[in-house]
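S.K.: For reference, this is model.pdb, and it has PDB, C-alpha atoms.
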```
ATOM      1  CA  MET A   1     127.900 -29.455 209.421
ATOM      2  CA  THR A   2     128.682 -28.606 205.813
ATOM      3  CA  LEU A   3     126.705 -30.511 203.208
ATOM      4  CA  THR A   4     128.838 -32.306 200.625
ATOM      5  CA  PHE A   5     128.256 -34.136 197.341
ATOM      6  CA  GLU A   6     127.381 -37.301 199.271
ATOM      7  CA  ASP A   7     124.353 -35.552 200.815
ATOM      8  CA  PHE A   8     122.632 -35.201 197.427
ATOM      9  CA  PRO A   9     121.604 -38.644 196.157
ATOM     10  CA  PRO A  10     119.095 -38.814 193.269
ATOM     11  CA  GLY A  11     115.466 -38.338 194.350
ATOM     12  CA  ARG A  12     113.415 -35.709 196.170
ATOM     13  CA  TYR A  13     115.746 -33.512 198.200
ATOM     14  CA  GLY A  14     113.162 -31.313 199.879
ATOM     15  CA  THR A  15     110.576 -28.562 199.694
ATOM     16  CA  PHE A  16     111.522 -25.039 200.739
ATOM     17  CA  GLY A  17     109.671 -21.834 201.540
ATOM     18  CA  PRO A  18     107.153 -20.356 201.767
ATOM     19  CA  ARG A  19     108.531 -17.072 200.455
ATOM     20  CA  HIS A  20     106.043 -14.198 200.310
ATOM     21  CA  VAL A  21     106.474 -11.885 197.307
ATOM     22  CA  THR A  22     105.195  -8.326 197.604
ATOM     23  CA  ARG A  23     103.977  -6.038 194.869
ATOM     24  CA  ASP A  24     106.739  -3.547 195.763
ATOM     25  CA  GLU A  25     109.419  -6.208 195.236
ATOM     26  CA  ILE A  26     107.957  -7.102 191.845
ATOM     27  CA  LEU A  27     107.922  -3.447 190.775
ATOM     28  CA  ALA A  28     111.450  -2.793 192.109
ATOM     29  CA  PHE A  29     112.970  -5.775 190.302
ATOM     30  CA  ALA A  30     111.153  -4.905 187.078
ATOM     31  CA  ALA A  31     112.226  -1.256 187.252
ATOM     32  CA  GLU A  32     115.872  -2.276 187.517
ATOM     33  CA  PHE A  33     116.093  -5.328 185.275
ATOM     34  CA  ASP A  34     112.946  -5.869 183.194
ATOM     35  CA  PRO A  35     110.987  -2.608 182.742
ATOM     36  CA  GLN A  36     108.354  -3.978 180.385
ATOM     37  CA  PRO A  37     104.860  -2.527 180.911
ATOM     38  CA  MET A  38     103.441  -5.982 181.802
ATOM     39  CA  HIS A  39     105.739  -5.996 184.875
ATOM     40  CA  LEU A  40     105.303  -2.332 185.878
ATOM     41  CA  ASP A  41     101.965  -0.933 184.886
ATOM     42  CA  GLU A  42      98.619  -2.318 186.053
ATOM     43  CA  GLU A  43      96.681  -0.943 183.054
ATOM     44  CA  ALA A  44      99.148  -2.205 180.411
ATOM     45  CA  ALA A  45      99.475  -5.518 182.264
ATOM     46  CA  SER A  46      95.712  -6.096 182.202
ATOM     47  CA  LYS A  47      95.833  -5.951 178.390
ATOM     48  CA  SER A  48      98.876  -8.223 178.129
ATOM     49  CA  MET A  49      98.918 -11.948 177.412
ATOM     50  CA  LEU A  50      99.399 -12.553 181.146
ATOM     51  CA  ARG A  51      96.235 -10.578 182.047
ATOM     52  CA  GLY A  52      97.408  -8.645 185.062
ATOM     53  CA  LEU A  53     100.565  -7.439 186.743
ATOM     54  CA  SER A  54     103.192 -10.184 186.762
ATOM     55  CA  GLY A  55     106.738 -10.472 188.037
ATOM     56  CA  SER A  56     109.669 -10.737 185.652
ATOM     57  CA  GLY A  57     110.732 -14.294 184.864
ATOM     58  CA  TRP A  58     114.234 -13.239 185.925
ATOM     59  CA  HIS A  59     112.818 -12.170 189.258
ATOM     60  CA  LEU A  60     111.210 -15.593 189.620
ATOM     61  CA  CYS A  61     114.533 -17.299 188.804
ATOM     62  CA  SER A  62     116.363 -15.041 191.268
ATOM     63  CA  LEU A  63     113.813 -15.891 193.957
ATOM     64  CA  MET A  64     114.279 -19.607 193.195
ATOM     65  CA  MET A  65     118.013 -19.056 193.669
ATOM     66  CA  ARG A  66     117.391 -17.343 197.010
ATOM     67  CA  MET A  67     115.133 -20.173 198.164
ATOM     68  CA  MET A  68     117.812 -22.717 197.201
ATOM     69  CA  ALA A  69     120.461 -20.613 198.959
ATOM     70  CA  ASP A  70     118.413 -20.365 202.157
ATOM     71  CA  GLY A  71     117.282 -23.985 201.875
ATOM     72  CA  PHE A  72     120.672 -25.658 201.497
ATOM     73  CA  ILE A  73     123.256 -24.076 199.205
ATOM     74  CA  THR A  74     124.782 -21.691 201.743
ATOM     75  CA  ARG A  75     125.259 -24.729 204.036
ATOM     76  CA  ALA A  76     126.778 -26.811 201.224
ATOM     77  CA  ALA A  77     130.342 -26.900 199.923
ATOM     78  CA  SER A  78     129.061 -25.341 196.699
ATOM     79  CA  LEU A  79     131.553 -24.164 194.109
ATOM     80  CA  GLY A  80     128.991 -22.495 191.854
ATOM     81  CA  SER A  81     127.266 -23.615 188.687
ATOM     82  CA  PRO A  82     128.389 -23.805 185.042
ATOM     83  CA  GLY A  83     124.918 -22.928 183.755
ATOM     84  CA  VAL A  84     121.274 -23.846 183.395
ATOM     85  CA  ASP A  85     120.033 -26.530 181.022
ATOM     86  CA  GLU A  86     116.501 -25.159 180.836
ATOM     87  CA  VAL A  87     114.037 -22.795 182.481
ATOM     88  CA  ARG A  88     110.342 -22.908 181.659
ATOM     89  CA  TRP A  89     108.113 -20.020 182.737
ATOM     90  CA  LEU A  90     104.747 -21.758 183.059
ATOM     91  CA  SER A  91     102.437 -19.309 184.862
ATOM     92  CA  PRO A  92     102.823 -15.682 185.919
ATOM     93  CA  LEU A  93     104.259 -14.636 189.293
ATOM     94  CA  ARG A  94     101.652 -12.384 190.952
ATOM     95  CA  PRO A  95     101.893  -9.791 193.743
ATOM     96  CA  GLY A  96     101.217 -11.484 197.084
ATOM     97  CA  ASP A  97     102.177 -14.983 195.958
ATOM     98  CA  ASP A  98     103.567 -17.323 198.596
ATOM     99  CA  LEU A  99     106.155 -19.459 196.829
ATOM    100  CA  THR A 100     107.350 -22.937 197.670
ATOM    101  CA  LEU A 101     110.193 -24.726 195.911
ATOM    102  CA  ASP A 102     110.296 -28.471 195.245
ATOM    103  CA  VAL A 103     113.875 -29.616 194.745
ATOM    104  CA  ASP A 104     114.773 -32.939 193.143
ATOM    105  CA  VAL A 105     118.186 -34.375 192.375
ATOM    106  CA  LEU A 106     118.048 -35.811 188.851
ATOM    107  CA  GLU A 107     121.627 -37.007 188.735
ATOM    108  CA  ALA A 108     124.759 -36.940 190.897
ATOM    109  CA  ARG A 109     128.142 -37.827 189.423
ATOM    110  CA  THR A 110     131.758 -37.239 190.332
ATOM    111  CA  SER A 111     133.985 -35.090 188.149
ATOM    112  CA  LYS A 112     136.637 -36.960 186.139
ATOM    113  CA  SER A 113     138.853 -33.911 185.743
ATOM    114  CA  ARG A 114     138.530 -32.750 189.373
ATOM    115  CA  PRO A 115     138.137 -35.804 191.615
ATOM    116  CA  ASN A 116     137.511 -33.662 194.704
ATOM    117  CA  LEU A 117     134.155 -32.470 193.440
ATOM    118  CA  GLY A 118     130.866 -33.785 192.155
ATOM    119  CA  ILE A 119     128.228 -32.459 189.782
ATOM    120  CA  VAL A 120     124.668 -32.540 191.096
ATOM    121  CA  LYS A 121     121.907 -31.867 188.584
ATOM    122  CA  PHE A 122     118.905 -30.295 190.287
ATOM    123  CA  LYS A 123     115.369 -29.867 189.013
ATOM    124  CA  CYS A 124     113.480 -27.162 190.893
ATOM    125  CA  THR A 125     109.784 -26.422 190.565
ATOM    126  CA  VAL A 126     108.415 -23.219 192.067
ATOM    127  CA  ARG A 127     104.724 -23.178 193.011
ATOM    128  CA  ASN A 128     102.210 -20.668 194.313
ATOM    129  CA  ALA A 129      99.986 -21.309 197.341
ATOM    130  CA  LYS A 130      97.430 -23.070 195.104
ATOM    131  CA  GLY A 131     100.116 -25.540 194.077
ATOM    132  CA  GLU A 132     100.302 -24.263 190.491
ATOM    133  CA  ALA A 133     103.761 -24.599 188.973
ATOM    134  CA  LEU A 134     105.004 -21.133 187.980
ATOM    135  CA  GLY A 135     108.420 -22.201 186.780
ATOM    136  CA  GLU A 136     110.807 -25.110 186.372
ATOM    137  CA  MET A 137     114.586 -25.019 186.292
ATOM    138  CA  THR A 138     117.128 -27.737 185.533
ATOM    139  CA  SER A 139     120.663 -26.839 186.517
ATOM    140  CA  PRO A 140     123.907 -28.548 187.616
ATOM    141  CA  ILE A 141     125.793 -27.340 190.698
ATOM    142  CA  LEU A 142     129.377 -28.245 191.584
ATOM    143  CA  ILE A 143     129.693 -29.521 195.145
ATOM    144  CA  GLU A 144     132.833 -30.698 196.958
ATOM    145  CA  ARG A 145     133.131 -34.324 198.018
ATOM    146  CA  ARG A 146     133.528 -35.278 201.643
ATOM    147  CA  ALA A 147     137.135 -35.232 202.838
ATOM    148  CA  GLY A 148     138.612 -38.689 202.477
ATOM    149  CA  ALA A 149     136.026 -39.725 199.874
ATOM    150  CA  VAL A 150     138.551 -39.528 197.023
TER
ATOM    151  CA  MET B 151     109.895  -3.123 168.915
ATOM    152  CA  ARG B 152     109.592  -5.000 165.660
ATOM    153  CA  PHE B 153     106.775  -7.223 164.472
ATOM    154  CA  PHE B 154     107.246 -10.935 163.780
ATOM    155  CA  GLU B 155     107.224 -10.373 159.996
ATOM    156  CA  ASP B 156     110.064  -7.831 160.194
ATOM    157  CA  ILE B 157     112.478 -10.169 161.942
ATOM    158  CA  GLU B 158     114.840 -12.376 159.954
ATOM    159  CA  ILE B 159     116.812 -15.370 161.106
ATOM    160  CA  GLY B 160     120.473 -14.394 161.330
ATOM    161  CA  GLN B 161     119.794 -10.773 162.327
ATOM    162  CA  ARG B 162     122.392  -9.650 164.858
ATOM    163  CA  ARG B 163     122.243  -6.698 167.251
ATOM    164  CA  ASP B 164     124.634  -5.264 169.786
ATOM    165  CA  ILE B 165     122.393  -4.521 172.724
ATOM    166  CA  GLY B 166     124.735  -2.688 175.073
ATOM    167  CA  ALA B 167     127.122  -3.143 177.976
ATOM    168  CA  TYR B 168     126.700  -3.517 181.753
ATOM    169  CA  ASN B 169     129.248  -2.433 184.343
ATOM    170  CA  PHE B 170     129.509  -4.952 187.192
ATOM    171  CA  THR B 171     130.691  -2.801 190.090
ATOM    172  CA  ALA B 172     131.570  -4.411 193.429
ATOM    173  CA  GLU B 173     128.623  -2.573 194.955
ATOM    174  CA  SER B 174     126.096  -3.809 192.374
ATOM    175  CA  ILE B 175     127.424  -7.388 192.691
ATOM    176  CA  LYS B 176     127.027  -7.368 196.487
ATOM    177  CA  THR B 177     123.613  -5.679 196.396
ATOM    178  CA  PHE B 178     122.210  -8.274 193.997
ATOM    179  CA  ALA B 179     123.806 -11.161 195.907
ATOM    180  CA  ALA B 180     122.491  -9.970 199.272
ATOM    181  CA  LYS B 181     118.951 -10.061 197.867
ATOM    182  CA  PHE B 182     119.029 -13.197 195.757
ATOM    183  CA  ASP B 183     122.228 -15.230 195.957
ATOM    184  CA  PRO B 184     123.983 -14.777 199.310
ATOM    185  CA  GLN B 185     126.882 -17.161 198.678
ATOM    186  CA  ARG B 186     130.211 -16.068 200.201
ATOM    187  CA  PHE B 187     132.041 -15.586 196.872
ATOM    188  CA  HIS B 188     129.320 -13.125 195.708
ATOM    189  CA  LEU B 189     129.402 -11.061 198.924
ATOM    190  CA  ASP B 190     133.019 -10.663 199.982
ATOM    191  CA  GLU B 191     136.249  -9.880 198.080
ATOM    192  CA  GLU B 192     138.448 -12.161 200.203
ATOM    193  CA  GLU B 193     136.027 -15.096 199.953
ATOM    194  CA  GLY B 194     135.862 -14.508 196.189
ATOM    195  CA  LYS B 195     139.656 -14.559 195.887
ATOM    196  CA  ASN B 196     139.821 -17.847 197.762
ATOM    197  CA  SER B 197     137.101 -19.447 195.591
ATOM    198  CA  LEU B 198     137.285 -21.062 192.138
ATOM    199  CA  PHE B 199     136.261 -17.645 190.738
ATOM    200  CA  GLY B 200     139.455 -15.862 191.846
ATOM    201  CA  GLY B 201     137.725 -12.632 192.877
ATOM    202  CA  LEU B 202     134.422 -11.067 193.927
ATOM    203  CA  ALA B 203     132.119 -12.718 191.371
ATOM    204  CA  ALA B 204     128.678 -11.630 190.201
ATOM    205  CA  SER B 205     125.813 -14.059 190.746
ATOM    206  CA  GLY B 206     124.959 -15.771 187.488
ATOM    207  CA  TRP B 207     121.415 -14.493 187.931
ATOM    208  CA  HIS B 208     122.793 -10.959 188.078
ATOM    209  CA  VAL B 209     124.615 -11.586 184.774
ATOM    210  CA  GLY B 210     121.366 -12.869 183.222
ATOM    211  CA  SER B 211     119.169 -10.124 184.688
ATOM    212  CA  ALA B 212     121.623  -7.459 183.477
ATOM    213  CA  CYS B 213     121.311  -8.940 179.979
ATOM    214  CA  MET B 214     117.523  -8.732 180.258
ATOM    215  CA  SER B 215     117.721  -5.068 181.281
ATOM    216  CA  LEU B 216     119.775  -4.297 178.152
ATOM    217  CA  LEU B 217     117.409  -6.266 175.906
ATOM    218  CA  VAL B 218     114.465  -4.250 177.224
ATOM    219  CA  ALA B 219     116.358  -0.953 176.839
ATOM    220  CA  ASP B 220     117.259  -1.908 173.267
ATOM    221  CA  GLY B 221     113.619  -2.706 172.531
ATOM    222  CA  GLN B 222     112.578   0.666 173.938
ATOM    223  CA  ARG B 223     115.161   2.342 171.678
ATOM    224  CA  LEU B 224     113.758   0.525 168.634
ATOM    225  CA  ALA B 225     110.228   1.525 169.669
ATOM    226  CA  ARG B 226     111.189   5.203 169.935
ATOM    227  CA  GLU B 227     112.816   5.061 166.485
ATOM    228  CA  ALA B 228     109.723   3.419 164.982
ATOM    229  CA  THR B 229     107.453   6.011 166.615
ATOM    230  CA  ALA B 230     109.653   8.816 165.248
ATOM    231  CA  ARG B 231     109.213   7.358 161.761
ATOM    232  CA  GLY B 232     105.453   7.282 162.303
ATOM    233  CA  GLU B 233     105.344   3.479 162.334
ATOM    234  CA  GLU B 234     103.222   1.233 164.495
ATOM    235  CA  VAL B 235     105.129  -0.193 167.474
ATOM    236  CA  ALA B 236     104.874  -3.880 168.357
ATOM    237  CA  VAL B 237     104.359  -4.746 172.021
ATOM    238  CA  TRP B 238     106.109  -8.033 172.674
ATOM    239  CA  GLY B 239     104.608 -10.735 174.834
ATOM    240  CA  PRO B 240     106.190 -12.776 177.600
ATOM    241  CA  SER B 241     108.804 -15.494 177.230
ATOM    242  CA  PRO B 242     108.006 -19.203 177.615
ATOM    243  CA  GLY B 243     111.565 -19.797 178.840
ATOM    244  CA  PHE B 244     115.179 -20.362 177.894
ATOM    245  CA  ARG B 245     117.723 -23.127 177.484
ATOM    246  CA  ASP B 246     121.494 -23.689 177.305
ATOM    247  CA  LEU B 247     122.443 -20.851 179.637
ATOM    248  CA  ARG B 248     126.222 -21.004 180.159
ATOM    249  CA  TRP B 249     128.186 -19.094 182.755
ATOM    250  CA  ILE B 250     131.387 -19.584 180.767
ATOM    251  CA  LYS B 251     133.779 -17.516 182.874
ATOM    252  CA  PRO B 252     133.357 -15.635 186.125
ATOM    253  CA  VAL B 253     132.195 -12.016 185.908
ATOM    254  CA  LEU B 254     134.298 -10.186 188.502
ATOM    255  CA  ALA B 255     133.993  -6.764 190.106
ATOM    256  CA  GLY B 256     135.052  -4.114 187.582
ATOM    257  CA  ASP B 257     134.179  -6.211 184.532
ATOM    258  CA  VAL B 258     132.132  -4.642 181.741
ATOM    259  CA  VAL B 259     130.108  -7.163 179.763
ATOM    260  CA  SER B 260     128.849  -6.344 176.258
ATOM    261  CA  TYR B 261     125.918  -8.401 175.031
ATOM    262  CA  ALA B 262     124.908  -9.181 171.432
ATOM    263  CA  ASN B 263     122.105 -11.339 170.138
ATOM    264  CA  VAL B 264     121.371 -13.271 166.956
ATOM    265  CA  VAL B 265     117.958 -14.521 165.875
ATOM    266  CA  ILE B 266     118.218 -18.282 165.356
ATOM    267  CA  ASP B 267     114.595 -19.374 164.852
ATOM    268  CA  LYS B 268     111.090 -18.015 164.274
ATOM    269  CA  ARG B 269     107.850 -19.916 164.040
ATOM    270  CA  THR B 270     104.154 -19.177 164.298
ATOM    271  CA  SER B 271     102.498 -20.058 167.596
ATOM    272  CA  ALA B 272     100.168 -23.050 167.343
ATOM    273  CA  SER B 273      98.249 -22.107 170.474
ATOM    274  CA  ARG B 274      98.012 -18.310 170.103
ATOM    275  CA  PRO B 275      96.721 -16.919 166.796
ATOM    276  CA  GLY B 276      98.365 -13.637 165.829
ATOM    277  CA  TRP B 277     101.582 -14.471 167.649
ATOM    278  CA  GLY B 278     104.929 -15.919 166.648
ATOM    279  CA  ILE B 279     107.693 -17.332 168.792
ATOM    280  CA  LEU B 280     111.144 -15.899 168.258
ATOM    281  CA  THR B 281     114.292 -17.628 169.517
ATOM    282  CA  ALA B 282     117.618 -15.816 169.853
ATOM    283  CA  ARG B 283     121.090 -16.688 171.091
ATOM    284  CA  THR B 284     122.625 -13.951 173.226
ATOM    285  CA  ILE B 285     126.325 -13.840 174.105
ATOM    286  CA  GLY B 286     128.064 -11.697 176.709
ATOM    287  CA  THR B 287     131.731 -10.733 176.203
ATOM    288  CA  ASN B 288     133.955  -9.018 178.781
ATOM    289  CA  GLN B 289     136.330  -6.097 178.228
ATOM    290  CA  ARG B 290     139.141  -8.535 177.377
ATOM    291  CA  GLY B 291     137.097 -10.072 174.560
ATOM    292  CA  GLU B 292     136.417 -13.275 176.499
ATOM    293  CA  GLU B 293     132.966 -14.832 176.201
ATOM    294  CA  VAL B 294     131.519 -15.081 179.699
ATOM    295  CA  TYR B 295     127.814 -15.764 179.160
ATOM    296  CA  SER B 296     125.481 -17.273 176.597
ATOM    297  CA  ILE B 297     121.798 -18.152 176.503
ATOM    298  CA  THR B 298     119.143 -19.283 174.021
ATOM    299  CA  ALA B 299     115.836 -17.641 174.887
ATOM    300  CA  SER B 300     112.395 -17.354 173.286
ATOM    301  CA  ALA B 301     109.652 -14.740 173.322
ATOM    302  CA  PHE B 302     106.148 -14.255 171.957
ATOM    303  CA  VAL B 303     106.232 -11.578 169.236
ATOM    304  CA  PRO B 304     103.044 -10.151 167.688
ATOM    305  CA  MET B 305     102.286 -10.376 163.973
ATOM    306  CA  ARG B 306     101.018  -7.397 162.031
ATOM    307  CA  LYS B 307      97.231  -7.320 161.918
ATOM    308  CA  SER B 308      96.276  -9.178 158.721
ATOM    309  CA  ALA B 309      95.672  -6.624 155.994
TER
END
```
Would you write out, as structure tokens, the structure that this file holds?
M.R.:
Amino acid sequence: MTLTFEDFPPGRYGTFGPRHVTRDEILAFAAEFDPQPMHLDEEAASKSMLRGLSGSGWHLCSLMMRMMADGFITRAASLGSPGVDEVRWLSPLRPGDDLTLDVDVLEARTSKSRPNLGIVKFKCTVRNAKGEALGEMTSPILIERRAGAV
Amino acid sequence: MRFFEDIEIGQRRDIGAYNFTAESIKTFAAKFDPQRFHLDEEEGKNSLFGGLAASGWHVGSACMSLLVADGQRLAREATARGEEVAVWGPSPGFRDLRWIKPVLAGDVVSYANVVIDKRTSASRPGWGILTARTIGTNQRGEEVYSITASAFVPMRKSA
């Protein structure tokens, strides 16, 4: 059954994962989208502020997206997102990390201009296996309302 | 790459353009954002986007790839002039990312950024934090993407 706006009341929605991240994935993403030495080269990375090879922050965000997609978005009547309020990169993504994603609904409201859809503001926190928060994202997603709800 | 001291608020740079082919849109979406309107032309046409649409994370990651390439260009130019090259640090994050209009297969998005703030880091001596607004514009001159992002930028070693 397709998830609709009504399935996302404020509060904890769920925890998703784990998603294992390999060193090869980190290097491949960095080579294509973020080829800074701290994401590609062990030696340069060890001298960087992050002290060791780390994944691109954009890779981390893309993985958060994939975990949301697998967790619920591809089963929801999602119409996409207008943007992201904020992303904070808190700790580096490392090769071999097993990621989990905590998803909270901060706010759910119906659209005034398009009464058939609602706007659900999610806060997602991605953690490694030790429970350390690596990143936080706050973003609204447009989701259709249940038929007959209007 | 430039040092913190060499960067002025208001500086603007064109950082390059990215061609969103149908193949690149689907490849990215299959890995990271497998929603129907990012994977299939027909599904895209029937969605709010009106065509096969790039994942917003593809639009942002493409911007990052151009920012890095631009930095590498600046570094090569500085090296050619015999100047010291700054190695930038990581980013603490971003805010106010807007996917203003869909980016559809065949679109070419040109990105430009403007420095909007610089301050010294309280926690990391020798580093500053630079904030820039980057805007992506399609081949029809329509703004499709904008973001305000920060990065740690090294200061010149004190003389």
S.K.: Distance cut-off 7 Å, centre (118.3, -32.1, 196.5) in file coordinates, counting all atoms listed in the file: which residues qualify? Return them as number ranges by chain.
M.R.: A: 8, 12-14, 103-105, 122
S.K.: Please evaluate the PyMOL selection byres ((chain A and resi 93) around 8) against the displayed coordinates and give the resulting residues as an mmCIF file with C-alpha atoms, in the coordinates of the input.
M.R.:
```cif
data_model
loop_
_atom_site.group_PDB
_atom_site.id
_atom_site.type_symbol
_atom_site.label_atom_id
_atom_site.label_comp_id
_atom_site.auth_asym_id
_atom_site.auth_seq_id
_atom_site.Cartn_x
_atom_site.Cartn_y
_atom_site.Cartn_z
ATOM 1 C CA SER A 54 103.192 -10.184 186.762
ATOM 2 C CA GLY A 55 106.738 -10.472 188.037
ATOM 3 C CA SER A 56 109.669 -10.737 185.652
ATOM 4 C CA GLY A 57 110.732 -14.294 184.864
ATOM 5 C CA LEU A 60 111.210 -15.593 189.620
ATOM 6 C CA SER A 91 102.437 -19.309 184.862
ATOM 7 C CA PRO A 92 102.823 -15.682 185.919
ATOM 8 C CA ARG A 94 101.652 -12.384 190.952
ATOM 9 C CA PRO A 95 101.893 -9.791 193.743
ATOM 10 C CA ASP A 97 102.177 -14.983 195.958
ATOM 11 C CA LEU A 134 105.004 -21.133 187.980
#
```
S.K.: B:Val303, B:Ala272, B:Val209, B:Ala262: which is nearest B:Ala179, counting all atoms listed in the file?
M.R.: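 Using all atoms listed in the file, the shortest distance to B:Ala179 belongs to B:Val209.
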S.K.: List the residues sitting within 9 Å of (101.8, -16.1, 169.2) in the file's frame, using all atoms listed in the file, as a list in words.
M.R.: Gly239, Arg269, Thr270, Ser271, Ala272, Ser273, Arg274, Pro275, Gly276, Trp277, Gly278, Ile279, Ala301, Phe302, Val303, Pro304 and Met305 of chain B
S.K.: At what distance in Å, to one decimal, does atom CA of A:Thr4 lie from atom CA of A:Ile119?
M.R.: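 Going from atom CA of A:Ile119 over to atom CA of A:Thr4 covers 10.9 Å.
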S.K.: For chain A against chain B, which residues fall within 7 Å using all atoms listed in the file, given as a list in words?
M.R.: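 Here they are: Phe33, Asp34, Pro35, Gln36, Met49, Trp58, Ser62, Leu63, Met65, Arg66, Ala69, Thr74, Leu79, Pro82, Gly83, Val84, Asp85, Glu86, Val87, Arg88, Trp89 and Leu90 of chain A.
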S.K.: My structure is short of atoms at stretch 36-47 of chain A; please model N, CA and C atoms there, returning them as a short mmCIF file (atom, residue, chain, number, x, y, z; two decimals), in the frame of the given file.
M.R.:
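This went into part_29.cif:
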```
data_model
loop_
_atom_site.label_atom_id
_atom_site.label_comp_id
_atom_site.auth_asym_id
_atom_site.auth_seq_id
_atom_site.Cartn_x
_atom_site.Cartn_y
_atom_site.Cartn_z
N GLN A 36 109.42 -3.85 181.37
CA GLN A 36 108.35 -3.98 180.38
C GLN A 36 107.04 -3.61 181.07
N PRO A 37 106.12 -2.97 180.30
CA PRO A 37 104.86 -2.53 180.91
C PRO A 37 104.10 -3.64 181.64
N MET A 38 104.20 -4.89 181.15
CA MET A 38 103.44 -5.98 181.80
C MET A 38 103.95 -6.27 183.22
N HIS A 39 105.18 -5.79 183.53
CA HIS A 39 105.74 -6.00 184.88
C HIS A 39 105.67 -4.74 185.74
N LEU A 40 105.22 -3.62 185.17
CA LEU A 40 105.30 -2.33 185.88
C LEU A 40 103.99 -1.59 185.99
N ASP A 41 103.13 -1.80 185.01
CA ASP A 41 101.96 -0.93 184.89
C ASP A 41 100.69 -1.78 184.86
N GLU A 42 99.84 -1.53 185.87
CA GLU A 42 98.62 -2.32 186.05
C GLU A 42 97.74 -2.32 184.79
N GLU A 43 97.56 -1.12 184.22
CA GLU A 43 96.68 -0.94 183.05
C GLU A 43 97.23 -1.71 181.84
N ALA A 44 98.53 -1.51 181.55
CA ALA A 44 99.15 -2.20 180.41
C ALA A 44 99.16 -3.71 180.67
N ALA A 45 99.40 -4.10 181.92
CA ALA A 45 99.48 -5.52 182.26
C ALA A 45 98.12 -6.21 182.05
N SER A 46 97.04 -5.48 182.33
CA SER A 46 95.71 -6.10 182.20
C SER A 46 95.41 -6.42 180.74
N LYS A 47 96.05 -5.70 179.83
CA LYS A 47 95.83 -5.95 178.39
C LYS A 47 96.85 -6.92 177.82
#
```
